[in-house]
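Read through the structure below, which is laid out as structure tokens, and then see the notes.
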Amino acid sequence: MTRRNDKSTPSQGRTGQQRLTAESVTLAYDRRTVAEDLSVAIPDRSFTVIVGPNACGKSTLLRALSRLLKPAQGRVLLDGQAIGSLPARTVARNLGLLPQSSTAPDGITVAGLVARGRYPHQGLLRQWSAEDERIVEESMTATGVAALADRHVDELSGGQRQRVWIAMALAQQTPLLLLDEPTTYLDIQHQIDVLDLCADLHEQGRTLVAVLHDLNQAARYATHLIAMRDGRIEAEGRPGEILTAALVERVFGVSCRIIEDPESGTPLVIPAARRPSGGTADRGPGDGRSGEGQDGDAHDGDGQDGDSATAASGAAGRPAGSPAP
């Protein structure tokens with residue numbers, strides 16, 4: 001049974017300084033600027049989801065937060081220190097990343113790839129242990145790939161490979177986990193499985209930041225929602241407080257109604273019906289052009305973001321709220 005989102009969960013996480021922040025960053029690829037003077041603080045112990053139209057800068061922001069992209073100006077801070085100044089192993093022990101696209105080494109097995117998530121925890125005084133083996137097995141089981149452990153990654157379907165990469169990120173066991181479109185290539189069942197797994201990790205105390213395609217999935221699972229457009233943040237906060245028809249139209253250019261999801265109690269975006277060509281059809285109370293009942297305002301610049309304002313999922317699932325270099 002679907003559990004309703006706990007609206008008493010604080011969007012801000014624990015009080016005090018957030019562990020991951022960006023301060024007045026300018027993000028660019030060569031000479032093309034994606035975002036300027038952008039600041040964001042990820043609430044600790046939140047499940048933060050970033051949404052927005054194509055090329056708005058959301059995956060670029062995630063790359064900067066994970067240290068894959070160095071800001072042209074400003075800085076990204078991890079535990080109050082510039083993330084670019086920290087040793088790679090220190091970052092990898094605290095922050096894991098599932099990028100939008102990954103390439104596995106030739107001939108590597110599923111178990112071998114997932115085991116790489118444990119590398120940041122190895123050292124001269126700590127070699128591979130029974131605990132590492134247990135964590136790898138648990139990560140494969142949690143993502144439904146344990147039966148594929150001895151298969152070569154390059155033999156798998158796109159959806160299977162995606163779950164293997166998620167298993168590797170889980171094996172890294174970082175308190176912060178960033179996921180760039182983690183449901184890509186997955187059918188609806190596995191999308192729900194992955195997002196439920198993310199919800200479990202959030203409930204265990206981890207901070208998650210994800211870029212998602214689907215507004216309704218974002219509203220259902222996020223405890224903190226960030227809506228971006230043209231390299232800037234248009235709104236952020238609890239989905240139930242900021243996701244309105246006015247915000248959706250401003251950010252995505254889509255007329256809609258916002259109703260309560262009967263399964264989760266979270267906002268559900270219903271796009272306005274198509275007007276038949278050659279005439280005006282009668283539109284009933286469900287046309288939602290004005291988003292009645294809603295007041296107020298509610299891939300990326302790197303060319304890799306295939307995001308859209310998908311608002312038709314509403315699929316049942318439980319709400320919840322490759323390693324960094």
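By convention here, the chains of the structure tokens are called A, B, ... in the order presented, each chain's residues are numbered starting at 1, and ligands are numbered starting at 1 in the order presented.
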For A:Leu20, find every residue with an atom within 7 Å (counting only C-alpha atoms), except residues of its own chain fewer than 2 positions away, and show them as a PDB file with C-alpha atoms, in the first residue's frame.
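To be explicit, this is the file written out as out-v4.pdb:
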```pdb
ATOM      1  CA  GLN A  18      24.241  22.553   5.173  1.00  0.00           C
ATOM      2  CA  ALA A  41      21.975  25.056  -0.287  1.00  0.00           C
ATOM      3  CA  ILE A  42      20.938  21.407  -0.219  1.00  0.00           C
ATOM      4  CA  LEU A  77      31.407  23.828  -0.578  1.00  0.00           C
ATOM      5  CA  LEU A  78      31.400  20.385   1.045  1.00  0.00           C
ATOM      6  CA  ASP A  79      31.329  20.613   4.838  1.00  0.00           C
TER       7      ASP A  79
END
```
Dump as CSV the rows for residues of stretch 110-136 of chain A within 12 Å of stretch 147-160 of chain A: closest atom pair and distance in Å with one decimal, only C-alpha atoms counted, ordered by chain and rising residue number.
```
residue,atom,partner,partner_atom,distance
A:Val110,CA,A:Ala149,CA,4.8
A:Ala111,CA,A:Ala149,CA,4.7
A:Gly112,CA,A:Ala149,CA,8.1
A:Leu113,CA,A:Val153,CA,8.1
A:Val114,CA,A:Ala149,CA,9.0
A:Ala115,CA,A:Ala149,CA,10.6
A:Val136,CA,A:Ala149,CA,10.1
```
Do a neighbour search on A:Leu68 at 12 Å with only C-alpha atoms, toss out local chain neighbours closer than 6 positions, and write the hits as a list in words.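 Neighbouring residues, sequence-local ones excluded: Leu27, Tyr29, Ser59, Thr60, Leu61, Leu62, Val76, Ile83, Gly84, Ala88, Val91, Ala92, Leu95, Gly96, Leu97, Leu98, Pro99, Leu178, Ser322, Pro323, Ala324 and Pro325 of chain A.
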Quick one: DSSP strand (DSSP E or B) residues in stretch 88-274 of chain A, as a count of residues only? 41
In Å to one decimal, how far is atom CA of A:Asp193 from atom CA of A:Leu208? 15.8 Å
Once DSSP has gone over the backbone, tell me which residues of stretch 46-254 of chain A are in helix (DSSP H, G or I), as a PyMOL selection string. chain A and resi 58-65+83-85+88-94+110-121+130-142+146-148+153-155+158-172+188-203+215-221+239-242+245-252
Which residues, written as JSON, numbers by chain, have at least one atom at most 10 Å from A:Thr207, with only C-alpha atoms counted and residues fewer than 6 positions away on the same chain left out? {"A": [13, 19, 20, 42, 43, 44, 45, 46, 47, 48, 95, 174, 175, 176, 177, 178, 198, 201]}
Tell me which of A:Ser66, A:Thr90, A:Gln73, A:Thr103 sits closest to A:Asp37, counting only C-alpha atoms. A:Gln73
Among the residues A:Gly52, A:Thr183, A:Gly107, A:Val211, the one that comes closest to A:Arg250 [using only C-alpha atoms]: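 Checking each candidate against A:Arg250, we get A:Gly52 as the closest.
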By how many Å are atom CA of A:Phe252 and atom CA of A:Gly57 apart? 13.7 Å
Residues near stretch 229-242 of chain A, cut-off 9 Å, only C-alpha atoms, skip fewer than 3 positions along chain, as an mmCIF file with all heavy atoms, in the first residue's frame:
```cif
data_model
loop_
_atom_site.group_PDB
_atom_site.id
_atom_site.type_symbol
_atom_site.label_atom_id
_atom_site.label_comp_id
_atom_site.auth_asym_id
_atom_site.auth_seq_id
_atom_site.Cartn_x
_atom_site.Cartn_y
_atom_site.Cartn_z
ATOM 1 N N LYS A 7 4.039 15.158 5.719
ATOM 2 C CA LYS A 7 4.217 16.595 5.518
ATOM 3 C C LYS A 7 4.825 17.280 6.733
ATOM 4 O O LYS A 7 5.125 18.456 6.699
ATOM 5 C CB LYS A 7 2.876 17.234 5.147
ATOM 6 C CG LYS A 7 2.365 16.761 3.782
ATOM 7 C CD LYS A 7 1.076 17.425 3.427
ATOM 8 C CE LYS A 7 0.655 17.093 1.997
ATOM 9 N NZ LYS A 7 0.498 15.689 1.738
ATOM 10 N N PRO A 10 10.664 18.089 8.073
ATOM 11 C CA PRO A 10 11.162 19.412 7.747
ATOM 12 C C PRO A 10 11.905 19.425 6.432
ATOM 13 O O PRO A 10 12.731 18.569 6.155
ATOM 14 C CB PRO A 10 12.112 19.751 8.911
ATOM 15 C CG PRO A 10 12.520 18.428 9.458
ATOM 16 C CD PRO A 10 11.355 17.511 9.231
ATOM 17 N N SER A 11 11.580 20.418 5.583
ATOM 18 C CA SER A 11 12.272 20.554 4.299
ATOM 19 C C SER A 11 13.735 20.893 4.511
ATOM 20 O O SER A 11 14.587 20.574 3.709
ATOM 21 C CB SER A 11 11.595 21.650 3.475
ATOM 22 O OG SER A 11 12.318 21.966 2.326
ATOM 23 N N GLN A 12 14.033 21.553 5.616
ATOM 24 C CA GLN A 12 15.363 22.079 5.820
ATOM 25 C C GLN A 12 16.306 21.068 6.455
ATOM 26 O O GLN A 12 17.486 21.333 6.588
ATOM 27 C CB GLN A 12 15.237 23.290 6.738
ATOM 28 C CG GLN A 12 16.146 24.461 6.557
ATOM 29 C CD GLN A 12 16.713 24.760 5.213
ATOM 30 O OE1 GLN A 12 16.036 24.727 4.200
ATOM 31 N NE2 GLN A 12 17.963 25.086 5.194
ATOM 32 N N LEU A 27 28.434 28.774 -14.179
ATOM 33 C CA LEU A 27 28.715 27.467 -14.755
ATOM 34 C C LEU A 27 28.713 27.591 -16.272
ATOM 35 O O LEU A 27 27.768 28.142 -16.853
ATOM 36 C CB LEU A 27 27.670 26.440 -14.299
ATOM 37 C CG LEU A 27 27.489 26.333 -12.781
ATOM 38 C CD1 LEU A 27 26.363 25.362 -12.447
ATOM 39 C CD2 LEU A 27 28.786 25.908 -12.111
ATOM 40 N N THR A 33 27.897 30.040 -21.423
ATOM 41 C CA THR A 33 27.493 30.117 -20.019
ATOM 42 C C THR A 33 26.104 29.512 -19.849
ATOM 43 O O THR A 33 25.180 29.843 -20.592
ATOM 44 C CB THR A 33 27.485 31.580 -19.540
ATOM 45 O OG1 THR A 33 28.809 32.112 -19.649
ATOM 46 C CG2 THR A 33 27.023 31.663 -18.087
ATOM 47 N N VAL A 34 25.986 28.637 -18.858
ATOM 48 C CA VAL A 34 24.719 27.965 -18.580
ATOM 49 C C VAL A 34 23.989 28.642 -17.430
ATOM 50 O O VAL A 34 22.762 28.779 -17.446
ATOM 51 C CB VAL A 34 24.953 26.477 -18.267
ATOM 52 C CG1 VAL A 34 23.653 25.776 -17.884
ATOM 53 C CG2 VAL A 34 25.619 25.778 -19.437
ATOM 54 N N ALA A 35 24.730 29.060 -16.415
ATOM 55 C CA ALA A 35 24.115 29.704 -15.244
ATOM 56 C C ALA A 35 25.088 30.728 -14.686
ATOM 57 O O ALA A 35 26.310 30.533 -14.719
ATOM 58 C CB ALA A 35 23.774 28.672 -14.179
ATOM 59 N N GLU A 36 24.553 31.837 -14.195
ATOM 60 C CA GLU A 36 25.372 32.888 -13.602
ATOM 61 C C GLU A 36 24.859 33.222 -12.210
ATOM 62 O O GLU A 36 23.646 33.264 -11.968
ATOM 63 C CB GLU A 36 25.333 34.153 -14.464
ATOM 64 C CG GLU A 36 26.061 34.042 -15.785
ATOM 65 C CD GLU A 36 26.075 35.370 -16.536
ATOM 66 O OE1 GLU A 36 25.054 35.702 -17.155
ATOM 67 O OE2 GLU A 36 27.109 36.073 -16.477
ATOM 68 N N ASP A 37 25.798 33.460 -11.303
ATOM 69 C CA ASP A 37 25.478 33.918 -9.951
ATOM 70 C C ASP A 37 24.410 33.037 -9.304
ATOM 71 O O ASP A 37 23.441 33.513 -8.708
ATOM 72 C CB ASP A 37 25.024 35.373 -9.978
ATOM 73 C CG ASP A 37 25.054 36.012 -8.594
ATOM 74 O OD1 ASP A 37 25.855 35.561 -7.746
ATOM 75 O OD2 ASP A 37 24.256 36.936 -8.350
ATOM 76 N N LEU A 38 24.587 31.729 -9.420
ATOM 77 C CA LEU A 38 23.609 30.757 -8.918
ATOM 78 C C LEU A 38 24.040 30.270 -7.541
ATOM 79 O O LEU A 38 25.183 29.841 -7.356
ATOM 80 C CB LEU A 38 23.517 29.573 -9.879
ATOM 81 C CG LEU A 38 22.541 28.454 -9.526
ATOM 82 C CD1 LEU A 38 21.108 28.975 -9.534
ATOM 83 C CD2 LEU A 38 22.692 27.304 -10.520
ATOM 84 N N SER A 39 23.138 30.342 -6.593
ATOM 85 C CA SER A 39 23.412 29.867 -5.232
ATOM 86 C C SER A 39 22.340 28.875 -4.816
ATOM 87 O O SER A 39 21.157 29.065 -5.115
ATOM 88 C CB SER A 39 23.447 31.030 -4.236
ATOM 89 O OG SER A 39 24.518 31.919 -4.520
ATOM 90 N N VAL A 40 22.760 27.818 -4.138
ATOM 91 C CA VAL A 40 21.817 26.824 -3.651
ATOM 92 C C VAL A 40 22.424 26.142 -2.435
ATOM 93 O O VAL A 40 23.640 25.957 -2.346
ATOM 94 C CB VAL A 40 21.479 25.789 -4.746
ATOM 95 C CG1 VAL A 40 22.702 24.962 -5.120
ATOM 96 C CG2 VAL A 40 20.344 24.892 -4.326
ATOM 97 N N VAL A 51 13.982 19.875 -10.952
ATOM 98 C CA VAL A 51 13.192 19.730 -12.176
ATOM 99 C C VAL A 51 13.337 20.992 -13.010
ATOM 100 O O VAL A 51 13.733 22.049 -12.515
ATOM 101 C CB VAL A 51 11.699 19.472 -11.867
ATOM 102 C CG1 VAL A 51 11.513 18.169 -11.103
ATOM 103 C CG2 VAL A 51 11.086 20.642 -11.082
ATOM 104 N N GLY A 52 12.978 20.870 -14.281
ATOM 105 C CA GLY A 52 13.020 22.016 -15.172
ATOM 106 C C GLY A 52 13.039 21.555 -16.610
ATOM 107 O O GLY A 52 13.262 20.380 -16.901
ATOM 108 N N PRO A 53 12.814 22.472 -17.561
ATOM 109 C CA PRO A 53 12.789 22.101 -18.974
ATOM 110 C C PRO A 53 14.184 21.796 -19.498
ATOM 111 O O PRO A 53 15.194 21.981 -18.804
ATOM 112 C CB PRO A 53 12.197 23.348 -19.649
ATOM 113 C CG PRO A 53 12.574 24.471 -18.729
ATOM 114 C CD PRO A 53 12.530 23.903 -17.342
ATOM 115 N N ASN A 54 14.241 21.333 -20.740
ATOM 116 C CA ASN A 54 15.517 21.037 -21.381
ATOM 117 C C ASN A 54 16.443 22.243 -21.350
ATOM 118 O O ASN A 54 16.005 23.393 -21.514
ATOM 119 C CB ASN A 54 15.301 20.639 -22.847
ATOM 120 C CG ASN A 54 14.586 19.316 -22.975
ATOM 121 O OD1 ASN A 54 14.405 18.600 -21.997
ATOM 122 N ND2 ASN A 54 14.178 18.995 -24.194
ATOM 123 N N ALA A 55 17.726 21.963 -21.137
ATOM 124 C CA ALA A 55 18.774 22.979 -21.222
ATOM 125 C C ALA A 55 18.627 24.101 -20.205
ATOM 126 O O ALA A 55 19.111 25.209 -20.427
ATOM 127 C CB ALA A 55 18.841 23.568 -22.639
ATOM 128 N N CYS A 56 17.970 23.808 -19.064
ATOM 129 C CA CYS A 56 17.796 24.859 -18.055
ATOM 130 C C CYS A 56 18.970 24.926 -17.089
ATOM 131 O O CYS A 56 19.084 25.882 -16.323
ATOM 132 C CB CYS A 56 16.493 24.656 -17.283
ATOM 133 S SG CYS A 56 16.517 23.263 -16.139
ATOM 134 N N GLY A 57 19.833 23.907 -17.073
ATOM 135 C CA GLY A 57 21.004 23.942 -16.209
ATOM 136 C C GLY A 57 20.977 22.984 -15.036
ATOM 137 O O GLY A 57 21.886 22.982 -14.216
ATOM 138 N N LYS A 58 19.960 22.121 -14.945
ATOM 139 C CA LYS A 58 19.845 21.285 -13.747
ATOM 140 C C LYS A 58 20.920 20.200 -13.670
ATOM 141 O O LYS A 58 21.506 19.982 -12.609
ATOM 142 C CB LYS A 58 18.446 20.679 -13.626
ATOM 143 C CG LYS A 58 17.962 19.914 -14.822
ATOM 144 C CD LYS A 58 16.474 19.625 -14.697
ATOM 145 C CE LYS A 58 15.976 18.855 -15.909
ATOM 146 N NZ LYS A 58 16.172 19.615 -17.166
ATOM 147 N N LEU A 61 24.174 21.906 -12.882
ATOM 148 C CA LEU A 61 24.282 22.189 -11.447
ATOM 149 C C LEU A 61 24.706 20.944 -10.687
ATOM 150 O O LEU A 61 25.573 21.005 -9.807
ATOM 151 C CB LEU A 61 22.947 22.721 -10.919
ATOM 152 C CG LEU A 61 22.852 22.909 -9.401
ATOM 153 C CD1 LEU A 61 23.916 23.881 -8.900
ATOM 154 C CD2 LEU A 61 21.449 23.376 -9.006
ATOM 155 N N ALA A 218 8.538 13.534 -9.039
ATOM 156 C CA ALA A 218 9.280 14.488 -8.207
ATOM 157 C C ALA A 218 8.435 14.949 -7.024
ATOM 158 O O ALA A 218 8.892 14.998 -5.883
ATOM 159 C CB ALA A 218 9.721 15.677 -9.049
ATOM 160 N N ALA A 219 7.161 15.293 -7.298
ATOM 161 C CA ALA A 219 6.281 15.769 -6.233
ATOM 162 C C ALA A 219 5.995 14.681 -5.209
ATOM 163 O O ALA A 219 5.842 14.960 -4.024
ATOM 164 C CB ALA A 219 4.969 16.281 -6.841
ATOM 165 N N ARG A 220 5.927 13.440 -5.668
ATOM 166 C CA ARG A 220 5.595 12.336 -4.767
ATOM 167 C C ARG A 220 6.749 11.979 -3.840
ATOM 168 O O ARG A 220 6.545 11.689 -2.658
ATOM 169 C CB ARG A 220 5.167 11.116 -5.576
ATOM 170 C CG ARG A 220 4.938 9.883 -4.726
ATOM 171 C CD ARG A 220 4.314 8.749 -5.510
ATOM 172 N NE ARG A 220 2.905 9.006 -5.758
ATOM 173 C CZ ARG A 220 2.053 8.082 -6.200
ATOM 174 N NH1 ARG A 220 2.488 6.862 -6.462
ATOM 175 N NH2 ARG A 220 0.792 8.381 -6.394
ATOM 176 N N ALA A 222 9.966 13.776 -3.426
ATOM 177 C CA ALA A 222 10.850 14.809 -2.888
ATOM 178 C C ALA A 222 10.341 15.350 -1.564
ATOM 179 O O ALA A 222 9.139 15.527 -1.371
ATOM 180 C CB ALA A 222 10.993 15.949 -3.885
ATOM 181 N N THR A 223 11.267 15.639 -0.675
ATOM 182 C CA THR A 223 10.942 16.448 0.498
ATOM 183 C C THR A 223 11.284 17.914 0.237
ATOM 184 O O THR A 223 10.808 18.805 0.936
ATOM 185 C CB THR A 223 11.715 15.973 1.738
ATOM 186 O OG1 THR A 223 13.129 16.123 1.526
ATOM 187 C CG2 THR A 223 11.400 14.516 2.047
ATOM 188 N N HIS A 224 12.138 18.148 -0.773
ATOM 189 C CA HIS A 224 12.532 19.508 -1.145
ATOM 190 C C HIS A 224 12.625 19.538 -2.662
ATOM 191 O O HIS A 224 13.319 18.711 -3.263
ATOM 192 C CB HIS A 224 13.890 19.857 -0.512
ATOM 193 C CG HIS A 224 14.295 21.290 -0.694
ATOM 194 N ND1 HIS A 224 13.793 22.309 0.084
ATOM 195 C CD2 HIS A 224 15.163 21.876 -1.562
ATOM 196 C CE1 HIS A 224 14.332 23.459 -0.291
ATOM 197 N NE2 HIS A 224 15.160 23.219 -1.285
ATOM 198 N N LEU A 225 11.917 20.466 -3.279
ATOM 199 C CA LEU A 225 11.854 20.550 -4.740
ATOM 200 C C LEU A 225 12.511 21.848 -5.193
ATOM 201 O O LEU A 225 12.273 22.913 -4.624
ATOM 202 C CB LEU A 225 10.393 20.515 -5.190
ATOM 203 C CG LEU A 225 10.121 20.366 -6.686
ATOM 204 C CD1 LEU A 225 10.583 19.001 -7.192
ATOM 205 C CD2 LEU A 225 8.626 20.551 -6.976
ATOM 206 N N ILE A 226 13.351 21.741 -6.242
ATOM 207 C CA ILE A 226 13.976 22.912 -6.855
ATOM 208 C C ILE A 226 13.524 22.966 -8.310
ATOM 209 O O ILE A 226 13.744 22.015 -9.064
ATOM 210 C CB ILE A 226 15.514 22.843 -6.784
ATOM 211 C CG1 ILE A 226 15.977 22.859 -5.318
ATOM 212 C CG2 ILE A 226 16.137 24.003 -7.552
ATOM 213 C CD1 ILE A 226 17.487 22.681 -5.160
ATOM 214 N N LEU A 247 3.266 28.098 -11.379
ATOM 215 C CA LEU A 247 4.686 27.748 -11.479
ATOM 216 C C LEU A 247 4.940 26.835 -12.677
ATOM 217 O O LEU A 247 5.897 27.030 -13.431
ATOM 218 C CB LEU A 247 5.151 27.070 -10.195
ATOM 219 C CG LEU A 247 6.626 26.639 -10.192
ATOM 220 C CD1 LEU A 247 7.542 27.849 -10.176
ATOM 221 C CD2 LEU A 247 6.934 25.717 -9.017
ATOM 222 N N ARG A 250 4.817 28.846 -15.807
ATOM 223 C CA ARG A 250 5.963 29.749 -15.927
ATOM 224 C C ARG A 250 7.251 29.002 -16.269
ATOM 225 O O ARG A 250 8.055 29.461 -17.078
ATOM 226 C CB ARG A 250 6.144 30.519 -14.610
ATOM 227 C CG ARG A 250 7.184 31.637 -14.706
ATOM 228 C CD ARG A 250 7.151 32.532 -13.490
ATOM 229 N NE ARG A 250 7.789 31.922 -12.337
ATOM 230 C CZ ARG A 250 7.170 31.617 -11.210
ATOM 231 N NH1 ARG A 250 5.858 31.836 -11.094
ATOM 232 N NH2 ARG A 250 7.825 31.084 -10.196
ATOM 233 N N VAL A 251 7.445 27.830 -15.667
ATOM 234 C CA VAL A 251 8.693 27.093 -15.864
ATOM 235 C C VAL A 251 8.667 26.255 -17.134
ATOM 236 O O VAL A 251 9.630 26.227 -17.905
ATOM 237 C CB VAL A 251 8.979 26.196 -14.637
ATOM 238 C CG1 VAL A 251 10.143 25.256 -14.911
ATOM 239 C CG2 VAL A 251 9.266 27.056 -13.416
ATOM 240 N N PHE A 252 7.545 25.560 -17.383
ATOM 241 C CA PHE A 252 7.478 24.628 -18.502
ATOM 242 C C PHE A 252 6.630 25.121 -19.681
ATOM 243 O O PHE A 252 6.640 24.505 -20.740
ATOM 244 C CB PHE A 252 6.906 23.285 -18.031
ATOM 245 C CG PHE A 252 7.783 22.559 -17.059
ATOM 246 C CD1 PHE A 252 7.523 22.607 -15.701
ATOM 247 C CD2 PHE A 252 8.865 21.819 -17.493
ATOM 248 C CE1 PHE A 252 8.331 21.929 -14.793
ATOM 249 C CE2 PHE A 252 9.673 21.136 -16.608
ATOM 250 C CZ PHE A 252 9.412 21.196 -15.249
ATOM 251 N N THR A 266 0.114 13.939 -2.365
ATOM 252 C CA THR A 266 1.027 14.952 -2.881
ATOM 253 C C THR A 266 0.417 15.618 -4.119
ATOM 254 O O THR A 266 -0.559 15.125 -4.681
ATOM 255 C CB THR A 266 2.378 14.304 -3.238
ATOM 256 O OG1 THR A 266 2.148 13.196 -4.121
ATOM 257 C CG2 THR A 266 3.084 13.814 -1.990
ATOM 258 N N PRO A 267 0.993 16.746 -4.585
ATOM 259 C CA PRO A 267 0.433 17.409 -5.766
ATOM 260 C C PRO A 267 0.514 16.516 -6.998
ATOM 261 O O PRO A 267 1.507 15.820 -7.216
ATOM 262 C CB PRO A 267 1.327 18.650 -5.926
ATOM 263 C CG PRO A 267 1.922 18.876 -4.577
ATOM 264 C CD PRO A 267 2.096 17.520 -3.976
ATOM 265 N N GLY A 296 -0.980 31.672 -6.348
ATOM 266 C CA GLY A 296 0.450 31.918 -6.248
ATOM 267 C C GLY A 296 1.232 31.175 -7.301
ATOM 268 O O GLY A 296 0.692 30.557 -8.178
ATOM 269 N N ASP A 297 2.550 31.317 -7.165
ATOM 270 C CA ASP A 297 3.442 30.685 -8.125
ATOM 271 C C ASP A 297 3.803 29.311 -7.652
ATOM 272 O O ASP A 297 4.341 29.148 -6.611
ATOM 273 C CB ASP A 297 4.706 31.510 -8.290
ATOM 274 C CG ASP A 297 4.409 32.798 -9.006
ATOM 275 O OD1 ASP A 297 3.416 32.834 -9.746
ATOM 276 O OD2 ASP A 297 5.148 33.733 -8.825
ATOM 277 N N ALA A 298 3.119 28.743 -8.134
ATOM 278 C CA ALA A 298 3.212 27.429 -7.558
ATOM 279 C C ALA A 298 3.070 27.374 -6.300
ATOM 280 O O ALA A 298 1.891 27.506 -6.189
ATOM 281 C CB ALA A 298 3.613 26.328 -8.350
ATOM 282 N N GLY A 301 22.629 22.443 -20.102
ATOM 283 C CA GLY A 301 23.475 23.164 -21.004
ATOM 284 C C GLY A 301 24.556 22.312 -21.604
ATOM 285 O O GLY A 301 25.166 22.679 -22.581
#
```
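Atom to atom, atom CA of A:Arg118 and atom CA of A:Arg93 stand 9.2 Å apart.
When only C-alpha atoms are used to measure the gap to A:Tyr185, the shortest distance among A:Ala199, A:Val145, A:Arg163, A:Glu137 belongs to A:Arg163.
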